[in-house]
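Asker: Questions regarding the structure given below will be posed in turn.
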Amino acid sequence: MIRFRNSGVAVLGILFAVAAGCGEGSSGTGGTGAAGPGGTGGSGGVAGTGGEGGVGGEGGVGGEGGSGGVQPIRAAGLAVANSVEGTLSVYDAATLDPLGEGIPISIAFPWFVTVSEDGKTAYVSCSGSGTLEEPGGIAVVDLEALEEVATVALSGVDPSQSVVVGDKLYVSYMGVPFDGKVDILSTVDLSVWPPVEVSTTPLSTDFGRMSISASPDRDNLYLGGRGHHMATVDISGTTPLEGPRFNTLFRDLRAQYMTDDGMLYLAGKGMFDEDEIQMFDTSTESFVGGISQGSWQRY
């Protein structure tokens with residue numbers, strides 16, 4: 001999720017793709033001289049037919065149909081926040097054809113997008129003017145109706161990237177002094193929980209540009225920003241707790257992406273202003289490789 005200020009296009013959020021499936025019942029077979037029990041079907045499929053009876057027996061009872069797989073909400077798509085226009089655009093990922101018109105966002109400067117795990121809702125971080133008078137917030141967009149359905153005021157100013165974990169949205173912040181804060185928003189009723197406070201020194205300098213991701217087991221958050229440290233937050237218990245910190249050697253950590261197997265890809269500016277990508281293995285809590293372009297080649 002990278003903000004493109006010059007073009008006014010802020011962020012690409014990958015949406016929802018759920019494979020479909022269906023079950024089918026199996027046929028029962030009658031026993032010899034007595035009724036044979038029917039086979040058990042899986043849920044959602046077509047009921048199986050009864051088997052033929054044996055000698056002197058009756059036909060077996062057909063199995064019950066079992067349930068089909070989850071149907072796709074819609075084809076895979078892209079959600080793009082247009083900062084200058086103040087809209088959210090949704091596209092078909094395969095053809096890049098727009099799905100409807102740009103959706104008006106009522107809070108100024110939308111620039112980061114996070115999509116719910118079921119693909120039905122987009123949460124758009126909006127900067128507002130980045131001041132206490134216009135602190136920004138979260139715009140909630142229904143991706144089926146293609147319209148904004150709610151806005152949420154947060155506890156800080158200038159929200160940045162966010163991540164959905166279960167029924168909660170964790171929101172990081174761009175600007176000081178809120179860059180050490182992670183707000184927690186209920187995706188059920190949109191209530192805002194007490195925020196997580198993360199120590200910022202030396203996590204951030206100048207301004208936050210915080211990036212955030214969640215581990216595959218959904219037990220930990222990883223936070224990056226300007227500065228060369230990455231912070232972690234343990235969210236496995238009732239109360240979130242700040243965890244260990246890791247030196248990234250980034251001067252400006254701008255974006256991160258977590259794979260399903262726990263490899264965290266970090267992108268940003270290195271200590272000598274070179275563009276750099278690093279790989280952090282969350283299972284071993286160690287850096288395992290990366291690439292760098294510029295005056296200083298780290299790997």
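Residue numbering restarts at 1 in every chain; chains get A, B, ... in the order shown in the structure tokens, and ligands count up from 1 in that same order.
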Can you list, as a PyMOL selection string, all residues belonging to region 48-291 of chain A that DSSP tags as strand (DSSP E or B)?

Answerer: chain A and resi 66+77-82+87-92+98+103-104+110-115+121-126+137-142+147-152+159-165+168-173+181-186+192-197+211-214+220-224+226+229-234+241-247+250-258+263-270+275-281+286-291

Asker: Using only C-alpha atoms, can you tell me which of A:Leu253, A:Met174, A:Val165, A:Met279 comes closest to Ala214 (chain A)?

Answerer: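 With only C-alpha atoms as the atom set, the closest residue is A:Val165.
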
Asker: Which residues come within 9 Å of Thr232 (chain A), counting only C-alpha atoms, excluding same-chain residues fewer than 2 positions away, as a PyMOL selection string?

Answerer: chain A and resi 198+220-224+230+234+241-246

Asker: If you keep C-alpha atoms, can you produce a file of those selected residues as a PDB file, in the first residue's frame?

Answerer:
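Written output follows (part.pdb):
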ATOM      1  CA  VAL A 198       3.706   2.232  21.089  1.00  0.00           C
ATOM      2  CA  ASN A 220       1.012  -9.943  16.225  1.00  0.00           C
ATOM      3  CA  LEU A 221       1.111  -6.586  14.478  1.00  0.00           C
ATOM      4  CA  TYR A 222       4.234  -5.201  12.787  1.00  0.00           C
ATOM      5  CA  LEU A 223       4.643  -1.400  12.653  1.00  0.00           C
ATOM      6  CA  GLY A 224       7.162   0.574  10.627  1.00  0.00           C
ATOM      7  CA  MET A 230      10.140  -1.861  13.473  1.00  0.00           C
ATOM      8  CA  ASP A 234       1.025  -8.748  20.670  1.00  0.00           C
ATOM      9  CA  LEU A 241       0.979  -5.463  24.555  1.00  0.00           C
ATOM     10  CA  GLU A 242       4.013  -3.924  22.898  1.00  0.00           C
ATOM     11  CA  GLY A 243       6.484  -6.617  21.867  1.00  0.00           C
ATOM     12  CA  PRO A 244      10.122  -6.650  20.726  1.00  0.00           C
ATOM     13  CA  ARG A 245      11.594  -4.168  18.242  1.00  0.00           C
ATOM     14  CA  PHE A 246      13.843  -4.917  15.276  1.00  0.00           C
TER      15      PHE A 246
END

Asker: Using only C-alpha atoms, which of the listed residues (A:Gly166, A:Leu185, A:Ser89, A:Asp252) sits closest to Asp219 (chain A)?

Answerer: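 Between A:Gly166, A:Leu185, A:Ser89, A:Asp252, the residue approaching Asp219 (chain A) most closely is A:Gly166.
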
Asker: What does the structure give for the distance between CA of Gly128 (chain A) and CA of Leu78 (chain A), in Å to one decimal?

Answerer: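 Value for the CA of Gly128 (chain A)-CA of Leu78 (chain A) distance: 23.2 Å.
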
Asker: Interatomic distance between CA of Ser106 (chain A) and CA of Gly86 (chain A)?

Answerer: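 Pair CA of Ser106 (chain A) / CA of Gly86 (chain A) returns 7.6 Å.
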
Asker: Point out the residue among A:Val141, A:Ile212, A:Val124, A:Val84 with the least atom-to-atom distance to Arg254 (chain A), counting only C-alpha atoms.

Answerer: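 Result for the nearest residue to Arg254 (chain A): A:Ile212.
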
Asker: Using only C-alpha atoms, which of the listed residues (A:Ser292, A:Ser83, A:Ser125, A:Asn247) sits closest to Glu274 (chain A)?

Answerer: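 The answer is A:Ser292, which sits nearest to Glu274 (chain A).
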